[in-house]
Structures are given as structure tokens and as C-alpha cells.
file data_24.pdb (PDB, C-alpha atoms and all ligand atoms)
ATOM      1  CA  MET C   1      79.332  79.325 107.022  1.00  0.00           C
ATOM      2  CA  LYS C   2      77.582  78.937 110.297  1.00  0.00           C
ATOM      3  CA  ASN C   3      77.055  82.650 110.953  1.00  0.00           C
ATOM      4  CA  ASN C   4      74.223  82.888 108.435  1.00  0.00           C
ATOM      5  CA  GLU C   5      72.063  80.948 110.868  1.00  0.00           C
ATOM      6  CA  TYR C   6      72.237  83.817 113.295  1.00  0.00           C
ATOM      7  CA  ILE C   7      72.443  86.934 111.171  1.00  0.00           C
ATOM      8  CA  LYS C   8      69.412  87.617 109.054  1.00  0.00           C
ATOM      9  CA  PRO C   9      68.666  90.714 107.017  1.00  0.00           C
ATOM     10  CA  LEU C  10      68.578  93.764 109.246  1.00  0.00           C
ATOM     11  CA  SER C  11      64.894  94.264 108.570  1.00  0.00           C
ATOM     12  CA  GLU C  12      64.265  91.047 110.510  1.00  0.00           C
ATOM     13  CA  ALA C  13      66.606  91.932 113.330  1.00  0.00           C
ATOM     14  CA  ASN C  14      63.868  91.960 115.965  1.00  0.00           C
ATOM     15  CA  ASN C  15      63.429  88.203 115.815  1.00  0.00           C
ATOM     16  CA  LEU C  16      65.090  85.788 118.213  1.00  0.00           C
ATOM     17  CA  PRO C  17      67.885  84.764 118.259  1.00  0.00           C
ATOM     18  CA  ASN C  18      68.773  87.730 116.081  1.00  0.00           C
ATOM     19  CA  ARG C  19      67.743  90.149 118.802  1.00  0.00           C
ATOM     20  CA  LEU C  20      70.216  88.551 121.191  1.00  0.00           C
ATOM     21  CA  VAL C  21      72.934  88.771 118.550  1.00  0.00           C
ATOM     22  CA  TYR C  22      72.389  92.515 118.145  1.00  0.00           C
ATOM     23  CA  LYS C  23      72.442  92.907 121.929  1.00  0.00           C
ATOM     24  CA  GLY C  24      75.879  91.302 121.949  1.00  0.00           C
ATOM     25  CA  LEU C  25      74.623  88.419 124.066  1.00  0.00           C
ATOM     26  CA  ILE C  26      75.098  85.683 121.470  1.00  0.00           C
ATOM     27  CA  CYS C  27      78.108  85.264 119.196  1.00  0.00           C
ATOM     28  CA  PRO C  28      77.012  85.447 115.545  1.00  0.00           C
ATOM     29  CA  TYR C  29      79.848  83.158 114.485  1.00  0.00           C
ATOM     30  CA  CYS C  30      79.390  80.162 116.807  1.00  0.00           C
ATOM     31  CA  GLY C  31      76.024  80.809 118.438  1.00  0.00           C
ATOM     32  CA  ASN C  32      77.389  80.576 121.982  1.00  0.00           C
ATOM     33  CA  LYS C  33      76.756  83.010 124.813  1.00  0.00           C
ATOM     34  CA  THR C  34      79.229  85.864 125.103  1.00  0.00           C
ATOM     35  CA  GLU C  35      81.208  87.176 128.083  1.00  0.00           C
ATOM     36  CA  PHE C  36      80.971  90.735 129.414  1.00  0.00           C
ATOM     37  CA  ILE C  37      84.470  91.917 130.331  1.00  0.00           C
ATOM     38  CA  ASP C  38      86.728  94.964 130.351  1.00  0.00           C
ATOM     39  CA  SER C  39      88.263  95.812 126.968  1.00  0.00           C
ATOM     40  CA  SER C  40      91.756  95.929 128.473  1.00  0.00           C
ATOM     41  CA  PHE C  41      91.650  92.200 127.735  1.00  0.00           C
ATOM     42  CA  VAL C  42      92.123  92.996 124.010  1.00  0.00           C
ATOM     43  CA  TYR C  43      93.834  96.410 124.125  1.00  0.00           C
ATOM     44  CA  LYS C  44      96.783  97.766 126.063  1.00  0.00           C
ATOM     45  CA  ARG C  45      94.365 100.048 127.883  1.00  0.00           C
ATOM     46  CA  SER C  46      90.688 100.091 128.730  1.00  0.00           C
ATOM     47  CA  TYR C  47      88.075 101.492 126.367  1.00  0.00           C
ATOM     48  CA  GLY C  48      85.220 100.401 128.605  1.00  0.00           C
ATOM     49  CA  MET C  49      83.390  97.104 128.656  1.00  0.00           C
ATOM     50  CA  ILE C  50      82.950  94.705 125.753  1.00  0.00           C
ATOM     51  CA  TYR C  51      80.961  91.612 124.918  1.00  0.00           C
ATOM     52  CA  ILE C  52      83.381  88.991 123.710  1.00  0.00           C
ATOM     53  CA  CYS C  53      83.528  85.464 122.337  1.00  0.00           C
ATOM     54  CA  LYS C  54      87.099  84.469 123.057  1.00  0.00           C
ATOM     55  CA  PRO C  55      87.206  81.324 120.861  1.00  0.00           C
ATOM     56  CA  CYS C  56      86.028  83.380 117.833  1.00  0.00           C
ATOM     57  CA  ASP C  57      88.183  86.433 118.640  1.00  0.00           C
ATOM     58  CA  ALA C  58      85.036  88.503 118.200  1.00  0.00           C
ATOM     59  CA  TYR C  59      83.844  91.401 120.315  1.00  0.00           C
ATOM     60  CA  VAL C  60      81.753  94.554 120.428  1.00  0.00           C
ATOM     61  CA  HIS C  61      81.902  97.710 122.526  1.00  0.00           C
ATOM     62  CA  VAL C  62      79.058  99.212 124.571  1.00  0.00           C
ATOM     63  CA  HIS C  63      77.466 102.647 124.775  1.00  0.00           C
ATOM     64  CA  LYS C  64      79.582 104.589 127.253  1.00  0.00           C
ATOM     65  CA  GLY C  65      78.718 103.842 130.857  1.00  0.00           C
ATOM     66  CA  THR C  66      76.054 101.261 129.993  1.00  0.00           C
ATOM     67  CA  SER C  67      75.915  97.540 129.318  1.00  0.00           C
ATOM     68  CA  LYS C  68      74.167  98.216 126.007  1.00  0.00           C
ATOM     69  CA  ALA C  69      76.094  96.760 123.064  1.00  0.00           C
ATOM     70  CA  LEU C  70      76.842  99.024 120.093  1.00  0.00           C
ATOM     71  CA  GLY C  71      75.758  96.167 117.841  1.00  0.00           C
ATOM     72  CA  ARG C  72      76.781  92.639 117.041  1.00  0.00           C
ATOM     73  CA  LEU C  73      80.105  90.987 117.779  1.00  0.00           C
ATOM     74  CA  ALA C  74      82.733  91.521 115.108  1.00  0.00           C
ATOM     75  CA  ASN C  75      85.697  89.362 114.199  1.00  0.00           C
ATOM     76  CA  ARG C  76      88.950  90.810 112.888  1.00  0.00           C
ATOM     77  CA  GLU C  77      87.728  91.123 109.299  1.00  0.00           C
ATOM     78  CA  LEU C  78      84.539  92.896 110.331  1.00  0.00           C
ATOM     79  CA  ARG C  79      86.381  95.149 112.778  1.00  0.00           C
ATOM     80  CA  GLU C  80      88.559  96.359 109.912  1.00  0.00           C
ATOM     81  CA  ALA C  81      85.522  96.837 107.679  1.00  0.00           C
ATOM     82  CA  LYS C  82      83.732  98.806 110.421  1.00  0.00           C
ATOM     83  CA  LYS C  83      86.770 100.990 110.953  1.00  0.00           C
ATOM     84  CA  GLU C  84      86.926 101.820 107.261  1.00  0.00           C
ATOM     85  CA  ALA C  85      83.192 102.509 107.115  1.00  0.00           C
ATOM     86  CA  HIS C  86      83.524 104.891 110.077  1.00  0.00           C
ATOM     87  CA  PHE C  87      86.534 106.584 108.551  1.00  0.00           C
ATOM     88  CA  HIS C  88      84.464 107.695 105.561  1.00  0.00           C
ATOM     89  CA  PHE C  89      81.072 108.041 107.227  1.00  0.00           C
ATOM     90  CA  ASP C  90      82.505 110.227 110.001  1.00  0.00           C
ATOM     91  CA  LYS C  91      83.658 112.737 107.399  1.00  0.00           C
ATOM     92  CA  ILE C  92      79.974 113.221 106.687  1.00  0.00           C
ATOM     93  CA  ALA C  93      78.510 112.639 110.144  1.00  0.00           C
ATOM     94  CA  ARG C  94      81.026 114.518 112.266  1.00  0.00           C
ATOM     95  CA  THR C  95      81.342 117.575 110.069  1.00  0.00           C
ATOM     96  CA  ALA C  96      78.837 119.851 108.397  1.00  0.00           C
ATOM     97  CA  GLN C  97      79.116 117.806 105.176  1.00  0.00           C
ATOM     98  CA  ILE C  98      75.757 116.139 105.695  1.00  0.00           C
ATOM     99  CA  ASN C  99      74.129 119.547 105.343  1.00  0.00           C
ATOM    100  CA  PHE C 100      75.684 119.999 101.901  1.00  0.00           C
ATOM    101  CA  ILE C 101      74.770 116.485 100.827  1.00  0.00           C
ATOM    102  CA  TRP C 102      71.269 116.699 102.206  1.00  0.00           C
ATOM    103  CA  ASP C 103      70.131 120.283 102.064  1.00  0.00           C
ATOM    104  CA  GLU C 104      67.126 119.987 104.328  1.00  0.00           C
ATOM    105  CA  ASP C 105      66.553 121.087 107.895  1.00  0.00           C
ATOM    106  CA  VAL C 106      65.611 117.929 109.789  1.00  0.00           C
ATOM    107  CA  ALA C 107      63.972 118.908 113.047  1.00  0.00           C
ATOM    108  CA  LYS C 108      65.779 118.214 116.319  1.00  0.00           C
ATOM    109  CA  MET C 109      68.585 116.234 114.718  1.00  0.00           C
ATOM    110  CA  ASN C 110      72.302 116.793 115.089  1.00  0.00           C
ATOM    111  CA  SER C 111      74.690 116.083 112.213  1.00  0.00           C
ATOM    112  CA  ARG C 112      75.288 112.514 113.295  1.00  0.00           C
ATOM    113  CA  GLN C 113      71.598 111.658 113.606  1.00  0.00           C
ATOM    114  CA  LYS C 114      70.856 113.323 110.313  1.00  0.00           C
ATOM    115  CA  ALA C 115      73.738 111.457 108.663  1.00  0.00           C
ATOM    116  CA  TYR C 116      72.428 108.108 109.914  1.00  0.00           C
ATOM    117  CA  LYS C 117      68.948 108.981 108.674  1.00  0.00           C
ATOM    118  CA  TRP C 118      70.456 109.786 105.284  1.00  0.00           C
ATOM    119  CA  LEU C 119      72.473 106.542 105.323  1.00  0.00           C
ATOM    120  CA  ALA C 120      69.350 104.496 106.115  1.00  0.00           C
ATOM    121  CA  MET C 121      67.668 105.961 103.051  1.00  0.00           C
ATOM    122  CA  GLN C 122      70.720 105.233 100.906  1.00  0.00           C
ATOM    123  CA  LEU C 123      70.895 101.624 102.123  1.00  0.00           C
ATOM    124  CA  GLN C 124      67.106 101.269 102.081  1.00  0.00           C
ATOM    125  CA  ILE C 125      66.939  99.808 105.578  1.00  0.00           C
ATOM    126  CA  PRO C 126      64.887 100.888 108.609  1.00  0.00           C
ATOM    127  CA  GLU C 127      66.498 103.677 110.657  1.00  0.00           C
ATOM    128  CA  PRO C 128      66.597 101.746 113.946  1.00  0.00           C
ATOM    129  CA  HIS C 129      68.795  99.146 112.227  1.00  0.00           C
ATOM    130  CA  CYS C 130      71.086 101.644 110.598  1.00  0.00           C
ATOM    131  CA  HIS C 131      74.187 101.682 112.759  1.00  0.00           C
ATOM    132  CA  ILE C 132      77.617 100.610 111.619  1.00  0.00           C
ATOM    133  CA  GLY C 133      77.883  98.455 114.733  1.00  0.00           C
ATOM    134  CA  MET C 134      75.027  96.341 113.428  1.00  0.00           C
ATOM    135  CA  PHE C 135      76.436  95.874 109.935  1.00  0.00           C
ATOM    136  CA  ASP C 136      78.216  92.928 108.389  1.00  0.00           C
ATOM    137  CA  VAL C 137      81.213  93.206 106.054  1.00  0.00           C
ATOM    138  CA  ASP C 138      79.103  93.691 102.919  1.00  0.00           C
ATOM    139  CA  ALA C 139      77.047  96.462 104.492  1.00  0.00           C
ATOM    140  CA  CYS C 140      80.238  98.215 105.638  1.00  0.00           C
ATOM    141  CA  LYS C 141      81.574  98.076 102.085  1.00  0.00           C
ATOM    142  CA  LYS C 142      78.353  99.635 100.843  1.00  0.00           C
ATOM    143  CA  VAL C 143      78.765 102.453 103.368  1.00  0.00           C
ATOM    144  CA  VAL C 144      82.252 103.184 102.035  1.00  0.00           C
ATOM    145  CA  GLU C 145      80.973 103.135  98.460  1.00  0.00           C
ATOM    146  CA  ILE C 146      78.053 105.464  99.199  1.00  0.00           C
ATOM    147  CA  CYS C 147      80.129 107.916 101.238  1.00  0.00           C
ATOM    148  CA  LEU C 148      82.928 108.073  98.677  1.00  0.00           C
ATOM    149  CA  ARG C 149      80.441 108.787  95.923  1.00  0.00           C
ATOM    150  CA  TYR C 150      79.281 111.903  97.784  1.00  0.00           C
ATOM    151  CA  LEU C 151      82.617 112.912  99.241  1.00  0.00           C
ATOM    152  CA  LYS C 152      84.330 112.906  95.848  1.00  0.00           C
ATOM    153  CA  ALA C 153      82.260 115.919  94.894  1.00  0.00           C
ATOM    154  CA  GLN C 154      83.565 117.871  97.894  1.00  0.00           C
ATOM    155  CA  THR C 155      86.910 119.598  97.750  1.00  0.00           C
ATOM    156  CA  ASP C 156      87.173 121.320 101.118  1.00  0.00           C
ATOM    157  CA  LEU C 157      87.605 118.176 103.211  1.00  0.00           C
ATOM    158  CA  PRO C 158      90.568 117.244 105.364  1.00  0.00           C
ATOM    159  CA  GLU C 159      92.432 114.531 103.467  1.00  0.00           C
ATOM    160  CA  GLY C 160      95.425 112.686 104.873  1.00  0.00           C
ATOM    161  CA  ASP C 161      95.191 114.281 108.287  1.00  0.00           C
ATOM    162  CA  TRP C 162      91.707 113.004 109.008  1.00  0.00           C
ATOM    163  CA  PRO C 163      91.984 111.097 112.303  1.00  0.00           C
ATOM    164  CA  GLU C 164      91.335 107.400 112.718  1.00  0.00           C
ATOM    165  CA  PRO C 165      87.928 106.644 114.238  1.00  0.00           C
ATOM    166  CA  GLU C 166      88.000 106.787 118.016  1.00  0.00           C
ATOM    167  CA  LEU C 167      87.004 103.795 120.109  1.00  0.00           C
ATOM    168  CA  PRO C 168      84.464 102.776 121.139  1.00  0.00           C
ATOM    169  CA  TYR C 169      82.533 102.557 117.872  1.00  0.00           C
TER     170      TYR C 169
HETATM  171 ZN    ZN B 201      81.876  82.652 118.909  1.00  0.00          ZN
END

call {"tool": "encode", "arguments": {"input": "data_24.pdb", "output": "C-alpha cells", "more": "lines below"}}
Ligand SMILES: [Zn+2]
result
Amino acid sequence: MKNNEYIKPLSEANNLPNRLVYKGLICPYCGNKTEFIDSSFVYKRSYGMIYICKPCDAYVHVHKGTSKALGRLANRELREAKKEAHFHFDKIARTAQINFIWDEDVAKMNSRQKAYKWLAMQLQIPEPHCHIGMFDVDACKKVVEICLRYLKAQTDLPEGDWPEPELPY
């Protein structure tokens, strides 16, 4: 697989060309430069801009109103894995659950920031590299595993009616 040439462990993500991969500027699958276009190219409506590699059917969204990529480009398999990781992680990050899981007042952090800090510790990776948008399929699977382990213990969570993650993510 060619993508291993471009994606190294997240702890080394500051090295070139890795840095360009995590900025969405280089496709991790083929190594070519990406295009910056509106996401209406891949959806029926626009969810803002994306970096895309059309031949690889891989893309990544940006932070709202910026040209800053949310991570690396993802192909269909990774997009599904990311969606599943978000589905479970959001139950912790977008609710008060993180405060039950991690009963400590972390200064100046909202639930989401605190949840990512907790996730970084669980995955044993540096915090700046701990974003689902930066993860590969294996890392996404680990997120699901970790979150389920903690969520199982909780009984007051919304089950079937929990919404699908909202784009962009
Ligand atoms: Zn490509």
C-alpha cells in the first residue's frame, strides 16, 4: 500500500511531507496535490469547502469559514470509520458524560476539549494530534472501542435516537 509512505505515526506528524498531508494539501493515498473546491461537488448541497483528490475519491472538510483542513483526506472506508468514531465519541464530548468519566475540573476547557484531552490520554498520543480528522481507520476503531467501554457503564444515555454526526467533521 502506497499510503504508508505518507502517513507516519501521529507523533511524527510535524515532519514533511506528513505536515502537508495533515493540512489536506497532499493526498495520503497517491501523494499528489489536492484541489480546494466546494463540497457541493460530492454532496447534493454545500457543507463548505473541501480538499479533494478526485482520482482517489478522498476528501476532507475545513474549519468553518477558513481554508484550514480538519485533518487528512479520507477515502470512503475512512469516512465511514470517522463517522462511527464520531457517533460514539460525540456521546461523550457533546454531553456531560465526560464529566462522569473523568471527574476532574480541567481549567478553561469545555466538554469537547476535555473529551479530546481524555481521548489523547487513552490513545497515548500527543494532544495536538488527537483529532478524529487526523486518524486512520485503525485509530478510529480504537476510538469506538474506548468510548464503548466507558459508555456501557452509563445507563442514562440516548440510544437509538442519537443523531448522526453533523458535517463538517
Ligand atoms: Zn489521491

call {"tool": "closest_residue", "arguments": {"input": "data_24.pdb", "among": "C:Val106, C:Cys53, C:Met134, C:Ala93", "to": "Leu25 of chain C", "atoms": "all atoms listed in the file"}}
result
C:Cys53

call {"tool": "closest_residue", "arguments": {"input": "data_24.pdb", "among": "C:Leu16, C:Val42, C:Ile52, C:Ala81", "to": "ligand ZN 201 (chain B)", "atoms": "all atoms listed in the file"}}
result
C:Ile52

call {"tool": "residues_near_ligand", "arguments": {"input": "data_24.pdb", "ligand": "ligand ZN 201 (chain B)", "cutoff": "7 Å", "atoms": "all atoms listed in the file", "output": "list in words"}}
result
Cys27, Pro28, Tyr29, Cys30, Gly31, Asn32, Cys53, Lys54, Pro55, Cys56 and Ala58 of chain C

call {"tool": "residues_around", "arguments": {"input": "data_24.pdb", "residues": "Phe89 of chain C", "least_positions_apart": "5", "cutoff": "9 Å", "atoms": "all atoms listed in the file", "output": "number ranges by chain"}}
result
C: 84, 94, 115, 119, 143-144, 146-148

call {"tool": "atom_distance", "arguments": {"input": "data_24.pdb", "atom1": "atom CA of Met49 of chain C", "atom2": "atom CA of Phe135 of chain C"}}
result
20.0 Å

call {"tool": "residues_around", "arguments": {"input": "data_24.pdb", "residues": "Tyr169 of chain C", "least_positions_apart": "6", "cutoff": "10 Å", "atoms": "all atoms listed in the file", "output": "PyMOL selection string"}}
result
chain C and resi 60-63+70-71+79+82-83+86+131-133

call {"tool": "write_last_selection", "arguments": {"input": "data_24.pdb", "atoms": "C-alpha atoms", "output": "mmCIF file, keeping the file's coordinate frame"}}
result
data_model
loop_
_atom_site.group_PDB
_atom_site.id
_atom_site.type_symbol
_atom_site.label_atom_id
_atom_site.label_comp_id
_atom_site.auth_asym_id
_atom_site.auth_seq_id
_atom_site.Cartn_x
_atom_site.Cartn_y
_atom_site.Cartn_z
ATOM 1 C CA VAL C 60 81.753 94.554 120.428
ATOM 2 C CA HIS C 61 81.902 97.710 122.526
ATOM 3 C CA VAL C 62 79.058 99.212 124.571
ATOM 4 C CA HIS C 63 77.466 102.647 124.775
ATOM 5 C CA LEU C 70 76.842 99.024 120.093
ATOM 6 C CA GLY C 71 75.758 96.167 117.841
ATOM 7 C CA ARG C 79 86.381 95.149 112.778
ATOM 8 C CA LYS C 82 83.732 98.806 110.421
ATOM 9 C CA LYS C 83 86.770 100.990 110.953
ATOM 10 C CA HIS C 86 83.524 104.891 110.077
ATOM 11 C CA HIS C 131 74.187 101.682 112.759
ATOM 12 C CA ILE C 132 77.617 100.610 111.619
ATOM 13 C CA GLY C 133 77.883 98.455 114.733
#

call {"tool": "resolve_selection", "arguments": {"input": "data_24.pdb", "expression": "the PyMOL selection byres (((chain C and resi 95) around 12) and not hetatm)", "output": "JSON, numbers by chain"}}
result
{"C": [88, 89, 90, 91, 92, 93, 94, 96, 97, 98, 99, 100, 101, 110, 111, 112, 113, 114, 115, 151, 156, 157, 158, 162]}

call {"tool": "write_last_selection", "arguments": {"input": "data_24.pdb", "atoms": "C-alpha atoms", "output": "CSV table (one decimal), in the frame of the given file"}}
result
chain,number,residue,atom,x,y,z
C,88,HIS,CA,84.5,107.7,105.6
C,89,PHE,CA,81.1,108.0,107.2
C,90,ASP,CA,82.5,110.2,110.0
C,91,LYS,CA,83.7,112.7,107.4
C,92,ILE,CA,80.0,113.2,106.7
C,93,ALA,CA,78.5,112.6,110.1
C,94,ARG,CA,81.0,114.5,112.3
C,96,ALA,CA,78.8,119.9,108.4
C,97,GLN,CA,79.1,117.8,105.2
C,98,ILE,CA,75.8,116.1,105.7
C,99,ASN,CA,74.1,119.5,105.3
C,100,PHE,CA,75.7,120.0,101.9
C,101,ILE,CA,74.8,116.5,100.8
C,110,ASN,CA,72.3,116.8,115.1
C,111,SER,CA,74.7,116.1,112.2
C,112,ARG,CA,75.3,112.5,113.3
C,113,GLN,CA,71.6,111.7,113.6
C,114,LYS,CA,70.9,113.3,110.3
C,115,ALA,CA,73.7,111.5,108.7
C,151,LEU,CA,82.6,112.9,99.2
C,156,ASP,CA,87.2,121.3,101.1
C,157,LEU,CA,87.6,118.2,103.2
C,158,PRO,CA,90.6,117.2,105.4
C,162,TRP,CA,91.7,113.0,109.0

call {"tool": "atom_distance", "arguments": {"input": "data_24.pdb", "atom1": "atom CA of Lys142 of chain C", "atom2": "atom CA of Ala74 of chain C"}}
result
17.0 Å

call {"tool": "axis_aligned_box", "arguments": {"input": "data_24.pdb", "around": "segment 69-87 of chain C", "padding_each_side": "4 Å", "output": "lines of an AutoDock Vina configuration file"}}
result
center_x = 82.4
center_y = 98.0
center_z = 115.1
size_x = 21.2
size_y = 25.2
size_z = 23.9

call {"tool": "closest_residue", "arguments": {"input": "data_24.pdb", "among": "C:Asp103, C:Glu145, C:Asp38, C:Asp138", "to": "Gly65 of chain C", "atoms": "all atoms listed in the file"}}
result
C:Asp38

call {"tool": "closest_residue", "arguments": {"input": "data_24.pdb", "among": "C:Met109, C:Ile37, C:Val137, C:Met121", "to": "Arg72 of chain C", "atoms": "all atoms listed in the file"}}
result
C:Val137

call {"tool": "atom_distance", "arguments": {"input": "data_24.pdb", "atom1": "atom CA of Tyr43 of chain C", "atom2": "atom CA of Ala139 of chain C"}}
result
25.8 Å

call {"tool": "resolve_selection", "arguments": {"input": "data_24.pdb", "expression": "the PyMOL selection byres (((chain C and resi 24) around 6) and not hetatm)", "output": "ChimeraX atom specification"}}
result
/C:21-23,25-26,51,69,72-73
